[in-house]
>>> print(open('coords-v5.cif').read())   # mmCIF, C-alpha atoms and all ligand atoms
data_my_file
loop_
_atom_site.label_atom_id
_atom_site.label_comp_id
_atom_site.auth_asym_id
_atom_site.auth_seq_id
_atom_site.Cartn_x
_atom_site.Cartn_y
_atom_site.Cartn_z
CA MET U 12 24.08 7.41 15.92
CA GLN U 13 26.57 5.81 18.32
CA LEU U 14 25.20 2.68 19.98
CA ASN U 15 26.52 1.65 23.34
CA PHE U 16 28.08 -1.76 22.75
CA GLU U 17 27.65 -2.68 26.43
CA LYS U 18 23.94 -2.54 25.91
CA MET U 19 21.73 -2.44 28.96
CA LYS U 20 18.52 -3.44 27.17
CA LYS U 21 17.30 -5.77 24.44
CA ARG U 22 17.22 -4.05 21.07
CA VAL U 23 14.52 -4.20 18.43
CA LEU U 24 15.11 -2.54 15.07
CA VAL U 25 12.09 -1.22 13.17
CA ALA U 26 12.00 -0.30 9.47
CA THR U 27 9.29 0.98 7.14
CA GLY U 28 9.69 -0.26 3.55
CA GLY U 29 7.96 0.09 0.19
CA GLY U 30 5.54 2.86 -0.76
CA ASP U 31 4.38 4.93 2.18
CA CYS U 32 0.86 4.84 3.50
CA PRO U 33 -1.24 6.73 6.08
CA GLY U 34 -0.93 4.97 9.44
CA LEU U 35 2.78 4.06 9.41
CA ASN U 36 3.50 6.60 12.15
CA ALA U 37 0.60 5.27 14.23
CA VAL U 38 2.17 1.78 14.07
CA LEU U 39 5.54 3.16 15.15
CA ARG U 40 3.98 5.08 18.04
CA ALA U 41 1.96 2.11 19.31
CA PHE U 42 4.95 -0.23 19.01
CA VAL U 43 7.26 2.11 20.92
CA LYS U 44 4.69 2.85 23.65
CA ARG U 45 4.02 -0.85 24.22
CA ALA U 46 7.74 -1.72 24.16
CA HIS U 47 8.48 1.04 26.65
CA GLN U 48 6.05 -0.52 29.14
CA GLU U 49 8.40 -3.50 29.39
CA ARG U 50 11.44 -1.35 30.32
CA GLU U 51 13.93 -3.98 29.13
CA TRP U 52 13.51 -3.10 25.44
CA GLU U 53 15.06 -0.32 23.40
CA VAL U 54 13.52 0.51 19.99
CA LEU U 55 15.67 1.71 17.09
CA GLY U 56 14.44 2.94 13.72
CA SER U 57 16.45 2.28 10.55
CA ILE U 58 16.20 5.33 8.28
CA GLN U 59 14.86 4.81 4.72
CA SER U 60 14.01 1.17 5.28
CA PHE U 61 17.13 -1.02 5.77
CA ASN U 62 19.34 1.53 4.01
CA GLY U 63 20.03 3.26 7.33
CA LEU U 64 21.29 0.03 8.84
CA MET U 65 23.52 -0.75 5.87
CA GLU U 66 25.01 2.73 5.48
CA GLU U 67 28.36 3.77 6.93
CA PRO U 68 28.06 5.55 9.25
CA THR U 69 24.93 3.71 10.31
CA ASN U 70 21.82 5.85 10.06
CA ILE U 71 19.46 4.70 12.76
CA ARG U 72 17.70 6.60 15.52
CA VAL U 73 16.41 5.71 18.92
CA LEU U 74 12.61 5.72 19.00
CA ASP U 75 11.36 6.49 22.49
CA PRO U 76 7.98 7.72 23.71
CA LYS U 77 9.12 11.33 23.38
CA VAL U 78 10.09 10.91 19.73
CA VAL U 79 6.80 9.23 18.78
CA SER U 80 4.55 11.47 20.86
CA GLY U 81 1.58 12.66 18.81
CA ILE U 82 2.78 11.20 15.49
CA HIS U 83 -0.27 8.94 15.02
CA VAL U 84 -2.08 11.80 13.26
CA ARG U 85 0.73 12.45 10.78
CA GLY U 86 0.96 10.97 7.29
CA GLY U 87 4.18 9.45 5.94
CA THR U 88 6.75 7.82 8.20
CA ILE U 89 9.16 9.62 10.53
CA ILE U 90 11.88 7.08 9.70
CA GLY U 91 11.47 7.34 5.93
CA THR U 92 11.01 4.56 3.40
CA THR U 93 12.07 3.42 -0.06
CA ASN U 94 10.72 1.05 -2.67
CA LYS U 95 14.04 0.60 -4.42
CA GLY U 96 16.70 -2.04 -3.90
CA GLY U 97 16.91 -3.72 -0.50
CA PRO U 98 19.48 -6.03 1.11
CA PHE U 99 19.07 -8.76 -1.54
CA ALA U 100 19.25 -6.42 -4.54
CA TRP U 101 21.36 -3.48 -3.50
CA PRO U 102 22.05 -1.22 -6.51
CA VAL U 103 25.78 -0.72 -7.08
CA LYS U 104 27.27 1.43 -9.85
CA LYS U 105 29.86 -0.38 -11.93
CA ALA U 106 32.99 1.20 -13.42
CA ASP U 107 31.30 1.49 -16.83
CA GLY U 108 28.48 3.56 -15.32
CA THR U 109 25.83 0.82 -15.43
CA TRP U 110 24.18 -0.57 -12.31
CA GLU U 111 24.01 -4.07 -10.90
CA ALA U 112 22.03 -5.57 -8.03
CA VAL U 113 24.25 -7.01 -5.30
CA ASP U 114 23.14 -9.35 -2.49
CA ARG U 115 24.23 -7.67 0.76
CA SER U 116 22.00 -9.70 3.06
CA ASP U 117 24.87 -11.47 4.85
CA GLU U 118 26.44 -8.12 5.56
CA MET U 119 23.13 -6.84 6.89
CA ILE U 120 22.78 -9.79 9.25
CA ARG U 121 26.34 -9.30 10.50
CA LYS U 122 25.58 -5.64 11.10
CA CYS U 123 22.55 -6.57 13.19
CA GLN U 124 24.70 -8.91 15.27
CA LEU U 125 27.35 -6.25 15.69
CA LEU U 126 24.78 -3.74 16.91
CA GLY U 127 23.30 -6.27 19.34
CA ILE U 128 19.89 -6.31 17.64
CA ASP U 129 17.66 -9.01 19.12
CA ALA U 130 14.65 -8.60 16.80
CA VAL U 131 13.71 -6.83 13.58
CA VAL U 132 10.23 -5.56 12.69
CA ASN U 133 9.67 -4.87 9.00
CA ILE U 134 6.58 -2.78 8.24
CA GLY U 135 5.77 -3.01 4.55
CA GLY U 136 3.81 -4.52 1.68
CA ASP U 137 4.26 -7.71 -0.28
CA GLY U 138 7.75 -6.83 -1.55
CA SER U 139 8.96 -5.93 1.94
CA GLN U 140 7.51 -9.11 3.43
CA ARG U 141 9.32 -11.20 0.80
CA ILE U 142 12.50 -9.59 2.13
CA SER U 143 11.36 -10.38 5.72
CA GLN U 144 10.86 -14.04 4.80
CA LYS U 145 14.25 -14.34 3.09
CA LEU U 146 16.01 -12.69 6.04
CA PHE U 147 14.20 -15.01 8.43
CA GLU U 148 15.32 -18.02 6.38
CA LYS U 149 18.88 -16.76 6.81
CA GLY U 150 18.45 -16.73 10.58
CA LEU U 151 17.41 -13.14 11.34
CA PRO U 152 14.62 -12.91 13.95
CA VAL U 153 12.10 -10.94 11.85
CA ILE U 154 8.44 -10.06 12.30
CA GLY U 155 6.35 -8.49 9.53
CA VAL U 156 3.66 -5.83 9.74
CA PRO U 157 1.56 -5.53 6.54
CA LYS U 158 0.94 -2.20 4.86
CA THR U 159 -0.63 -1.10 1.59
CA ILE U 160 -3.32 1.36 0.55
CA ASP U 161 -4.33 -1.17 -2.13
CA ASN U 162 -5.60 -3.63 0.55
CA ASP U 163 -4.59 -6.51 -1.67
CA LEU U 164 -2.80 -8.85 0.78
CA ALA U 165 -4.74 -12.10 1.22
CA ALA U 166 -3.40 -12.79 4.71
CA THR U 167 -5.19 -9.85 6.30
CA ASP U 168 -8.78 -8.65 5.98
CA TYR U 169 -7.65 -5.03 5.99
CA THR U 170 -4.46 -3.03 5.88
CA PHE U 171 -4.23 0.44 7.44
CA GLY U 172 -4.08 3.25 4.89
CA PHE U 173 -6.80 1.76 2.72
CA GLN U 174 -9.72 3.56 4.37
CA THR U 175 -7.84 6.87 4.21
CA ALA U 176 -7.15 6.36 0.50
CA VAL U 177 -10.83 5.55 -0.10
CA GLN U 178 -11.86 8.69 1.80
CA THR U 179 -9.43 10.84 -0.19
CA ALA U 180 -10.70 9.37 -3.46
CA THR U 181 -14.34 9.79 -2.41
CA ASP U 182 -13.80 13.44 -1.45
CA ALA U 183 -12.27 14.03 -4.89
CA LEU U 184 -15.11 12.19 -6.63
CA ASP U 185 -17.71 14.29 -4.82
CA LYS U 186 -16.03 17.39 -6.22
CA LEU U 187 -15.80 15.98 -9.72
CA VAL U 188 -19.52 15.18 -9.73
CA THR U 189 -20.48 18.83 -9.25
CA THR U 190 -18.20 20.12 -12.00
CA ALA U 191 -19.22 17.28 -14.34
CA GLU U 192 -22.86 18.25 -13.84
CA SER U 193 -22.24 21.99 -14.38
CA HIS U 194 -20.47 21.39 -17.68
CA ASN U 195 -22.42 18.38 -18.99
CA ARG U 196 -19.19 16.42 -19.11
CA ILE U 197 -17.86 12.96 -18.54
CA LEU U 198 -15.19 13.06 -15.87
CA ILE U 199 -12.84 10.13 -15.51
CA MET U 200 -10.97 9.74 -12.23
CA GLU U 201 -7.96 7.40 -12.12
CA VAL U 202 -7.15 5.94 -8.72
CA MET U 203 -4.40 3.66 -7.41
CA GLY U 204 -4.81 -0.09 -7.47
CA ARG U 205 -2.00 -1.87 -9.25
CA ASP U 206 -3.47 -5.38 -9.25
CA ALA U 207 -6.69 -5.04 -7.26
CA GLY U 208 -9.62 -2.68 -7.58
CA TRP U 209 -10.60 -2.24 -3.93
CA ILE U 210 -10.02 1.53 -3.85
CA ALA U 211 -11.87 2.11 -7.13
CA LEU U 212 -14.81 -0.08 -6.19
CA SER U 213 -15.17 1.40 -2.71
CA CYS U 214 -15.01 5.04 -3.81
CA ALA U 215 -17.28 4.40 -6.81
CA ILE U 216 -19.97 3.11 -4.43
CA ALA U 217 -19.37 5.82 -1.83
CA GLY U 218 -19.29 8.64 -4.39
CA GLY U 219 -21.96 7.37 -6.78
CA ALA U 220 -19.97 6.83 -9.97
CA GLU U 221 -21.73 5.59 -13.09
CA VAL U 222 -18.89 3.34 -14.20
CA CYS U 223 -16.12 1.57 -12.27
CA LEU U 224 -13.27 -0.22 -14.03
CA ILE U 225 -10.93 -2.46 -12.07
CA PRO U 226 -7.95 -4.68 -12.94
CA GLU U 227 -9.88 -7.89 -12.22
CA ILE U 228 -12.62 -7.21 -14.80
CA PRO U 229 -11.21 -6.33 -18.24
CA TYR U 230 -13.58 -3.79 -19.75
CA SER U 231 -15.48 -3.61 -23.00
CA ILE U 232 -15.98 -0.11 -24.45
CA ASP U 233 -19.32 -1.27 -25.90
CA SER U 234 -20.56 -2.06 -22.41
CA ILE U 235 -19.59 1.43 -21.18
CA ILE U 236 -21.18 3.12 -24.21
CA ARG U 237 -24.40 1.19 -23.60
CA CYS U 238 -24.43 2.34 -20.00
CA MET U 239 -23.85 5.97 -21.06
CA ASP U 240 -26.59 5.78 -23.69
CA ASP U 241 -29.08 4.46 -21.13
CA ARG U 242 -28.16 7.29 -18.82
CA PHE U 243 -28.42 9.99 -21.49
CA GLN U 244 -31.80 8.65 -22.58
CA ARG U 245 -32.98 9.17 -19.00
CA GLY U 246 -32.11 12.84 -19.43
CA LYS U 247 -28.77 12.94 -17.59
CA ARG U 248 -26.09 14.85 -19.46
CA PHE U 249 -23.05 14.06 -17.32
CA ALA U 250 -21.31 11.05 -15.85
CA VAL U 251 -18.36 10.15 -13.64
CA ILE U 252 -16.15 7.13 -14.21
CA VAL U 253 -13.67 5.68 -11.71
CA VAL U 254 -10.83 3.69 -13.23
CA SER U 255 -8.05 1.80 -11.44
CA GLU U 256 -4.55 2.52 -12.70
CA GLY U 257 -4.28 -1.21 -13.42
CA ALA U 258 -7.51 -1.53 -15.45
CA LYS U 259 -7.25 -2.90 -18.96
CA PRO U 260 -9.54 -3.34 -21.97
CA LEU U 261 -10.73 -6.84 -22.90
CA ASP U 262 -8.18 -7.22 -25.67
CA GLY U 263 -5.42 -5.05 -24.21
CA ALA U 264 -2.77 -4.75 -21.52
CA VAL U 265 -2.30 -2.32 -18.63
CA SER U 266 -1.21 1.17 -19.57
CA GLY U 267 2.27 2.29 -18.47
CA TYR U 268 5.98 1.98 -19.10
CA ALA U 269 9.05 0.29 -17.67
CA GLY U 270 10.70 2.55 -15.11
CA THR U 271 14.30 3.68 -15.45
CA GLU U 272 14.98 4.44 -11.77
CA VAL U 273 17.85 2.34 -10.43
CA GLY U 274 16.67 -0.50 -8.19
CA TYR U 275 12.96 0.12 -8.92
CA GLU U 276 11.33 -3.03 -10.16
CA ASN U 277 7.67 -2.07 -10.58
CA PHE U 278 6.19 -1.41 -13.98
CA ARG U 279 5.14 2.26 -13.85
CA LEU U 280 1.38 2.27 -14.34
CA ALA U 281 0.18 5.45 -16.05
CA GLY U 282 -2.38 6.51 -18.59
CA ALA U 283 -5.44 4.35 -17.84
CA ALA U 284 -7.75 7.40 -17.72
CA ALA U 285 -6.25 9.03 -20.82
CA ARG U 286 -6.57 5.82 -22.79
CA LEU U 287 -10.17 5.35 -21.73
CA SER U 288 -10.93 8.94 -22.73
CA SER U 289 -9.54 8.32 -26.24
CA GLU U 290 -11.46 5.06 -26.51
CA LEU U 291 -14.73 6.75 -25.57
CA LYS U 292 -14.17 9.56 -28.07
CA ALA U 293 -13.29 7.05 -30.78
CA ALA U 294 -16.51 5.18 -30.00
CA GLY U 295 -18.55 8.33 -30.73
CA ILE U 296 -19.32 9.85 -27.31
CA ASP U 297 -20.17 13.45 -28.09
CA LEU U 298 -19.86 14.95 -24.59
CA ASP U 299 -16.68 16.66 -23.47
CA ILE U 300 -14.44 14.32 -21.51
CA ARG U 301 -11.82 15.28 -18.91
CA GLU U 302 -9.47 13.14 -16.85
CA THR U 303 -8.18 13.52 -13.30
CA VAL U 304 -5.34 11.34 -12.01
CA LEU U 305 -5.32 11.29 -8.20
CA GLY U 306 -1.95 9.56 -7.87
CA HIS U 307 0.06 9.91 -4.69
CA VAL U 308 -2.48 12.21 -3.04
CA GLN U 309 -4.08 8.91 -2.01
CA ARG U 310 -0.97 7.87 -0.11
CA GLY U 311 -0.55 11.11 1.80
CA GLY U 312 -2.13 12.99 4.64
CA SER U 313 -3.45 12.21 8.06
CA PRO U 314 -4.94 8.71 8.51
CA VAL U 315 -8.68 8.52 9.17
CA ALA U 316 -9.71 7.21 12.61
CA TYR U 317 -10.21 3.64 11.33
CA ASP U 318 -6.62 3.47 10.04
CA ARG U 319 -5.18 5.01 13.21
CA ILE U 320 -6.95 2.34 15.24
CA LEU U 321 -5.93 -0.57 13.01
CA ALA U 322 -2.35 0.71 12.84
CA SER U 323 -2.24 0.99 16.64
CA GLN U 324 -3.56 -2.56 16.96
CA PHE U 325 -0.86 -3.78 14.56
CA GLY U 326 1.84 -1.90 16.49
CA VAL U 327 0.85 -3.34 19.86
CA LYS U 328 0.49 -6.84 18.41
CA ALA U 329 3.90 -6.61 16.73
CA PHE U 330 5.54 -5.93 20.06
CA GLU U 331 3.68 -8.83 21.71
CA MET U 332 5.10 -11.03 18.96
CA VAL U 333 8.63 -9.73 19.57
CA LYS U 334 8.22 -10.43 23.25
CA ASN U 335 6.93 -13.94 22.58
CA GLY U 336 9.63 -14.66 19.99
CA GLU U 337 7.14 -15.26 17.16
CA PHE U 338 9.73 -14.71 14.45
CA GLY U 339 8.95 -15.58 10.84
CA TYR U 340 5.38 -14.41 11.38
CA MET U 341 3.38 -11.39 10.27
CA VAL U 342 0.64 -9.45 12.05
CA ALA U 343 -2.78 -9.85 10.40
CA TYR U 344 -6.36 -8.77 10.94
CA ARG U 345 -8.94 -11.54 10.75
CA GLN U 346 -12.17 -10.03 11.94
CA PRO U 347 -12.56 -9.53 14.84
CA ASP U 348 -9.06 -10.56 15.92
CA ILE U 349 -5.52 -9.37 15.39
CA ILE U 350 -3.52 -12.53 14.84
CA SER U 351 -0.12 -13.70 13.59
CA VAL U 352 0.33 -15.70 10.39
CA PRO U 353 3.49 -17.35 9.01
CA LEU U 354 5.27 -15.06 6.54
CA THR U 355 5.24 -17.97 4.08
CA GLU U 356 1.44 -17.82 4.10
CA ALA U 357 1.46 -14.07 3.66
CA VAL U 358 3.89 -13.39 0.82
CA GLY U 359 2.75 -13.68 -2.76
CA HIS U 360 -0.88 -14.31 -1.87
CA MET U 361 -2.95 -11.48 -3.22
CA LYS U 362 -6.55 -10.61 -2.44
CA PHE U 363 -8.30 -9.79 -5.70
CA VAL U 364 -11.83 -8.51 -6.16
CA GLN U 365 -14.10 -11.45 -7.06
CA ASN U 366 -17.25 -11.16 -9.13
CA THR U 367 -19.09 -12.78 -6.24
CA ASP U 368 -17.90 -10.24 -3.67
CA ASN U 369 -20.64 -8.32 -1.97
CA LEU U 370 -19.05 -5.01 -3.01
CA VAL U 371 -19.36 -6.01 -6.69
CA GLN U 372 -22.96 -7.14 -6.15
CA THR U 373 -23.67 -3.85 -4.38
CA ALA U 374 -22.11 -1.85 -7.21
CA ARG U 375 -24.20 -3.70 -9.78
CA GLY U 376 -27.25 -3.36 -7.53
CA ILE U 377 -26.99 0.43 -7.67
CA ASN U 378 -26.45 0.40 -11.45
CA ILE U 379 -22.72 0.97 -11.50
CA CYS U 380 -21.45 -0.40 -14.80
CA MET U 381 -18.38 -2.58 -14.20
CA GLY U 382 -17.49 -2.51 -17.90
CA ASP U 383 -17.77 -6.24 -18.47
CA PHE U 384 -19.68 -8.10 -21.15
CA PHE U 385 -22.27 -9.50 -18.83
CA GLU U 386 -23.69 -6.15 -17.80
CA VAL U 387 -27.53 -6.13 -17.72
O1 LIG G 401 1.33 -0.38 -3.88
C1 LIG G 401 0.73 0.82 -3.63
C2 LIG G 401 0.79 1.73 -4.78
O2 LIG G 401 0.11 2.82 -4.29
C3 LIG G 401 0.23 1.25 -6.12
O3 LIG G 401 -1.15 1.35 -6.22
C4 LIG G 401 0.96 2.13 -7.10
O4 LIG G 401 1.01 1.56 -8.37
C5 LIG G 401 2.30 2.22 -6.47
O5 LIG G 401 2.10 2.18 -5.09
C6 LIG G 401 3.07 3.44 -6.89
O6 LIG G 401 4.27 3.52 -6.16
P1 LIG G 401 5.44 4.55 -6.40
O7 LIG G 401 5.01 5.57 -7.40
O8 LIG G 401 5.72 5.15 -5.06
O9 LIG G 401 6.58 3.76 -6.84
#
>>> encode(input="coords-v5.cif", output="C-alpha cells", more="lines below")
Ligand code: F6P
Amino acid sequence: MQLNFEKMKKRVLVATGGGDCPGLNAVLRAFVKRAHQEREWEVLGSIQSFNGLMEEPTNIRVLDPKVVSGIHVRGGTIIGTTNKGGPFAWPVKKADGTWEAVDRSDEMIRKCQLLGIDAVVNIGGDGSQRISQKLFEKGLPVIGVPKTIDNDLAATDYTFGFQTAVQTATDALDKLVTTAESHNRILIMEVMGRDAGWIALSCAIAGGAEVCLIPEIPYSIDSIIRCMDDRFQRGKRFAVIVVSEGAKPLDGAVSGYAGTEVGYENFRLAGAAARLSSELKAAGIDLDIRETVLGHVQRGGSPVAYDRILASQFGVKAFEMVKNGEFGYMVAYRQPDIISVPLTEAVGHMKFVQNTDNLVQTARGINICMGDFFEV
C-alpha cells in the first residue's frame, strides 16, 4: 500500500505472530473499533507478522472499522501470521544454497520511522513477545498482546484460544468414547501442549477420559496398565486416553524430530500417541488400540464466546496502553482485571501444571490416572 507521508493521524502498526489461534481476529476488531473512537489514530496491519513491514514493496493494509466488521467470529487472522524467522533472525539464502539468519532489526526500526509509525502492537506467544522486548530495548514503542492455545504464559491467567481448543478436543473425545465402547477398544487421543498439559487435563476432565498424560508428569506404563486392569476387572471393556504431544515416559524424552523448514526453530513434536500405543501393546494389553492425533484442528475455527470476550478485552486494553504510552508492557488477565505487565516479566516465564493444582486434584478425584508412580 502507499502511505501518505504527510500523515494526518497518528499511526499504530499491528502484527499477529507465531502459531495462529482462535480469537486473533476478535482482538484486531476490538483494537480497531476502540482506536477509531479517538479519531486521531490510524491502524495499519503488517501482513504475515513483521514480514509485511520488511518486504519491498511494503505489504501492510489499513485496518478500519469496515475491514474488521464481523471478523470476531472468524478463526485465523485476517493479516496472516508466521512462526518462522522474524526481524532478529531473518532467513537469507547464501550463494551456496544454504541459509543463514540475519539480524534486520535496525532496518525494521528505520522502516517504522520512515512510515511515521508511532506505536507497534505485537500479538503473539512467548517467541513473539521476546521479539517485542528486544525491539523495545532498541527504542521501538512496542506493546505486547499474549496469545497461545496452550495457555502456558505465566503472566496471564488465561489466553484467548485456549477455551476453544479445549472445546474442540472435548467434542472429539466425546465422539471417540462412543466408538471405543462399540468396539471394546482403547482409543488414544493426542492433543497439543508442547510444554504444558492444560488442554489435555481440561478435556480429559470434561470428556471423562480414563488416563491423562501431560508433559509435567512423566508417565510410567505400569501405572497405566494397573489403571486399565482395575477398569477391566470392573467389567468395562474400553477406555480413552488423552495424551499431550509433549508427554514423555519416566525414562524417556519427548517424541518428535528436528524440523527442516528454514527459520523454524521449534522441535517438531509428533508421535506421542503412537509411542504410547506400542508401549501398551508391548506391556501385554490385549484390547485393540487406535490413535487419533487432533493436531491443528485445535487451532482453527470460530472462537467460543469466552475467547471472543477475552480477545475483545485484550484488544480494547491494548489500545488504552497505546494511548497512554505504556510501551514495553504486555496486556494480561489477572482475574478479575485486565492489566498491563512489563514484557520482561512476561517473556520466558511459563505456567506449568503443578501437582497441587486443583485441576490435577479434580482429575485424580474422579479416578483419572495421571500415569505417575504415586497413583492410588
Ligand atoms: O504453541 C502452540 C502450538 O499449538 C503447540 O502446542 C504446537 O506444538 C505448536 O503450536 C505447533 O505449531 P506449528 O505446527 O504451527 O509450527
>>> residues_around(input="coords-v5.cif", residues="Val43 (chain U)", least_positions_apart="5", cutoff="9 Å", atoms="only C-alpha atoms", output="ChimeraX atom specification")
/U:38,48,53-54,74-76,79,326-327,330
>>> atom_distance(input="coords-v5.cif", atom1="CA of Lys158 (chain U)", atom2="CA of Leu64 (chain U)")
20.9 Å
>>> atom_distance(input="coords-v5.cif", atom1="CA of Leu164 (chain U)", atom2="CA of Val358 (chain U)")
8.1 Å
>>> residues_around(input="coords-v5.cif", residues="Thr170 (chain U)", least_positions_apart="3", cutoff="12 Å", atoms="only C-alpha atoms", output="ChimeraX atom specification")
/U:32-35,38,134-137,156-167,173-176,209,317-325,342-345,349,362
>>> write_last_selection(input="coords-v5.cif", atoms="C-alpha atoms", output="PDB file, in the coordinates of the input")
ATOM      1  CA  CYS U  32       0.860   4.840   3.500  1.00  0.00           C
ATOM      2  CA  PRO U  33      -1.240   6.730   6.080  1.00  0.00           C
ATOM      3  CA  GLY U  34      -0.930   4.970   9.440  1.00  0.00           C
ATOM      4  CA  LEU U  35       2.780   4.060   9.410  1.00  0.00           C
ATOM      5  CA  VAL U  38       2.170   1.780  14.070  1.00  0.00           C
ATOM      6  CA  ILE U 134       6.580  -2.780   8.240  1.00  0.00           C
ATOM      7  CA  GLY U 135       5.770  -3.010   4.550  1.00  0.00           C
ATOM      8  CA  GLY U 136       3.810  -4.520   1.680  1.00  0.00           C
ATOM      9  CA  ASP U 137       4.260  -7.710  -0.280  1.00  0.00           C
ATOM     10  CA  VAL U 156       3.660  -5.830   9.740  1.00  0.00           C
ATOM     11  CA  PRO U 157       1.560  -5.530   6.540  1.00  0.00           C
ATOM     12  CA  LYS U 158       0.940  -2.200   4.860  1.00  0.00           C
ATOM     13  CA  THR U 159      -0.630  -1.100   1.590  1.00  0.00           C
ATOM     14  CA  ILE U 160      -3.320   1.360   0.550  1.00  0.00           C
ATOM     15  CA  ASP U 161      -4.330  -1.170  -2.130  1.00  0.00           C
ATOM     16  CA  ASN U 162      -5.600  -3.630   0.550  1.00  0.00           C
ATOM     17  CA  ASP U 163      -4.590  -6.510  -1.670  1.00  0.00           C
ATOM     18  CA  LEU U 164      -2.800  -8.850   0.780  1.00  0.00           C
ATOM     19  CA  ALA U 165      -4.740 -12.100   1.220  1.00  0.00           C
ATOM     20  CA  ALA U 166      -3.400 -12.790   4.710  1.00  0.00           C
ATOM     21  CA  THR U 167      -5.190  -9.850   6.300  1.00  0.00           C
ATOM     22  CA  PHE U 173      -6.800   1.760   2.720  1.00  0.00           C
ATOM     23  CA  GLN U 174      -9.720   3.560   4.370  1.00  0.00           C
ATOM     24  CA  THR U 175      -7.840   6.870   4.210  1.00  0.00           C
ATOM     25  CA  ALA U 176      -7.150   6.360   0.500  1.00  0.00           C
ATOM     26  CA  TRP U 209     -10.600  -2.240  -3.930  1.00  0.00           C
ATOM     27  CA  TYR U 317     -10.210   3.640  11.330  1.00  0.00           C
ATOM     28  CA  ASP U 318      -6.620   3.470  10.040  1.00  0.00           C
ATOM     29  CA  ARG U 319      -5.180   5.010  13.210  1.00  0.00           C
ATOM     30  CA  ILE U 320      -6.950   2.340  15.240  1.00  0.00           C
ATOM     31  CA  LEU U 321      -5.930  -0.570  13.010  1.00  0.00           C
ATOM     32  CA  ALA U 322      -2.350   0.710  12.840  1.00  0.00           C
ATOM     33  CA  SER U 323      -2.240   0.990  16.640  1.00  0.00           C
ATOM     34  CA  GLN U 324      -3.560  -2.560  16.960  1.00  0.00           C
ATOM     35  CA  PHE U 325      -0.860  -3.780  14.560  1.00  0.00           C
ATOM     36  CA  VAL U 342       0.640  -9.450  12.050  1.00  0.00           C
ATOM     37  CA  ALA U 343      -2.780  -9.850  10.400  1.00  0.00           C
ATOM     38  CA  TYR U 344      -6.360  -8.770  10.940  1.00  0.00           C
ATOM     39  CA  ARG U 345      -8.940 -11.540  10.750  1.00  0.00           C
ATOM     40  CA  ILE U 349      -5.520  -9.370  15.390  1.00  0.00           C
ATOM     41  CA  LYS U 362      -6.550 -10.610  -2.440  1.00  0.00           C
TER      42      LYS U 362
END
>>> residues_near_ligand(input="coords-v5.cif", ligand="ligand LIG 401 (chain G)", cutoff="9 Å", atoms="only C-alpha atoms and all ligand atoms", output="ChimeraX atom specification")
/U:29-32,93-95,136-137,158-163,202-207,255-257,275-281,306-307,309-310
>>> write_last_selection(input="coords-v5.cif", atoms="C-alpha atoms", output="PDB file, in the frame of the given file")
ATOM      1  CA  GLY U  29       7.960   0.090   0.190  1.00  0.00           C
ATOM      2  CA  GLY U  30       5.540   2.860  -0.760  1.00  0.00           C
ATOM      3  CA  ASP U  31       4.380   4.930   2.180  1.00  0.00           C
ATOM      4  CA  CYS U  32       0.860   4.840   3.500  1.00  0.00           C
ATOM      5  CA  THR U  93      12.070   3.420  -0.060  1.00  0.00           C
ATOM      6  CA  ASN U  94      10.720   1.050  -2.670  1.00  0.00           C
ATOM      7  CA  LYS U  95      14.040   0.600  -4.420  1.00  0.00           C
ATOM      8  CA  GLY U 136       3.810  -4.520   1.680  1.00  0.00           C
ATOM      9  CA  ASP U 137       4.260  -7.710  -0.280  1.00  0.00           C
ATOM     10  CA  LYS U 158       0.940  -2.200   4.860  1.00  0.00           C
ATOM     11  CA  THR U 159      -0.630  -1.100   1.590  1.00  0.00           C
ATOM     12  CA  ILE U 160      -3.320   1.360   0.550  1.00  0.00           C
ATOM     13  CA  ASP U 161      -4.330  -1.170  -2.130  1.00  0.00           C
ATOM     14  CA  ASN U 162      -5.600  -3.630   0.550  1.00  0.00           C
ATOM     15  CA  ASP U 163      -4.590  -6.510  -1.670  1.00  0.00           C
ATOM     16  CA  VAL U 202      -7.150   5.940  -8.720  1.00  0.00           C
ATOM     17  CA  MET U 203      -4.400   3.660  -7.410  1.00  0.00           C
ATOM     18  CA  GLY U 204      -4.810  -0.090  -7.470  1.00  0.00           C
ATOM     19  CA  ARG U 205      -2.000  -1.870  -9.250  1.00  0.00           C
ATOM     20  CA  ASP U 206      -3.470  -5.380  -9.250  1.00  0.00           C
ATOM     21  CA  ALA U 207      -6.690  -5.040  -7.260  1.00  0.00           C
ATOM     22  CA  SER U 255      -8.050   1.800 -11.440  1.00  0.00           C
ATOM     23  CA  GLU U 256      -4.550   2.520 -12.700  1.00  0.00           C
ATOM     24  CA  GLY U 257      -4.280  -1.210 -13.420  1.00  0.00           C
ATOM     25  CA  TYR U 275      12.960   0.120  -8.920  1.00  0.00           C
ATOM     26  CA  GLU U 276      11.330  -3.030 -10.160  1.00  0.00           C
ATOM     27  CA  ASN U 277       7.670  -2.070 -10.580  1.00  0.00           C
ATOM     28  CA  PHE U 278       6.190  -1.410 -13.980  1.00  0.00           C
ATOM     29  CA  ARG U 279       5.140   2.260 -13.850  1.00  0.00           C
ATOM     30  CA  LEU U 280       1.380   2.270 -14.340  1.00  0.00           C
ATOM     31  CA  ALA U 281       0.180   5.450 -16.050  1.00  0.00           C
ATOM     32  CA  GLY U 306      -1.950   9.560  -7.870  1.00  0.00           C
ATOM     33  CA  HIS U 307       0.060   9.910  -4.690  1.00  0.00           C
ATOM     34  CA  GLN U 309      -4.080   8.910  -2.010  1.00  0.00           C
ATOM     35  CA  ARG U 310      -0.970   7.870  -0.110  1.00  0.00           C
TER      36      ARG U 310
END
>>> closest_residue(input="coords-v5.cif", among="U:Val304, U:Ala285, U:Ala37, U:Val273", to="Val103 (chain U)", atoms="only C-alpha atoms")
U:Val273
>>> closest_residue(input="coords-v5.cif", among="U:Val84, U:Ala258, U:Asp241, U:Val188", to="Ala316 (chain U)", atoms="only C-alpha atoms")
U:Val84
>>> atom_distance(input="coords-v5.cif", atom1="CA of Glu331 (chain U)", atom2="CA of Met65 (chain U)")
26.6 Å
>>> residues_around(input="coords-v5.cif", residues="Gly312 (chain U)", least_positions_apart="6", cutoff="8 Å", atoms="only C-alpha atoms", output="ChimeraX atom specification")
/U:33,85-87
>>> closest_residue(input="coords-v5.cif", among="U:Glu51, U:Asp383, U:Glu302, U:Asp368", to="Ile232 (chain U)", atoms="only C-alpha atoms")
U:Asp383
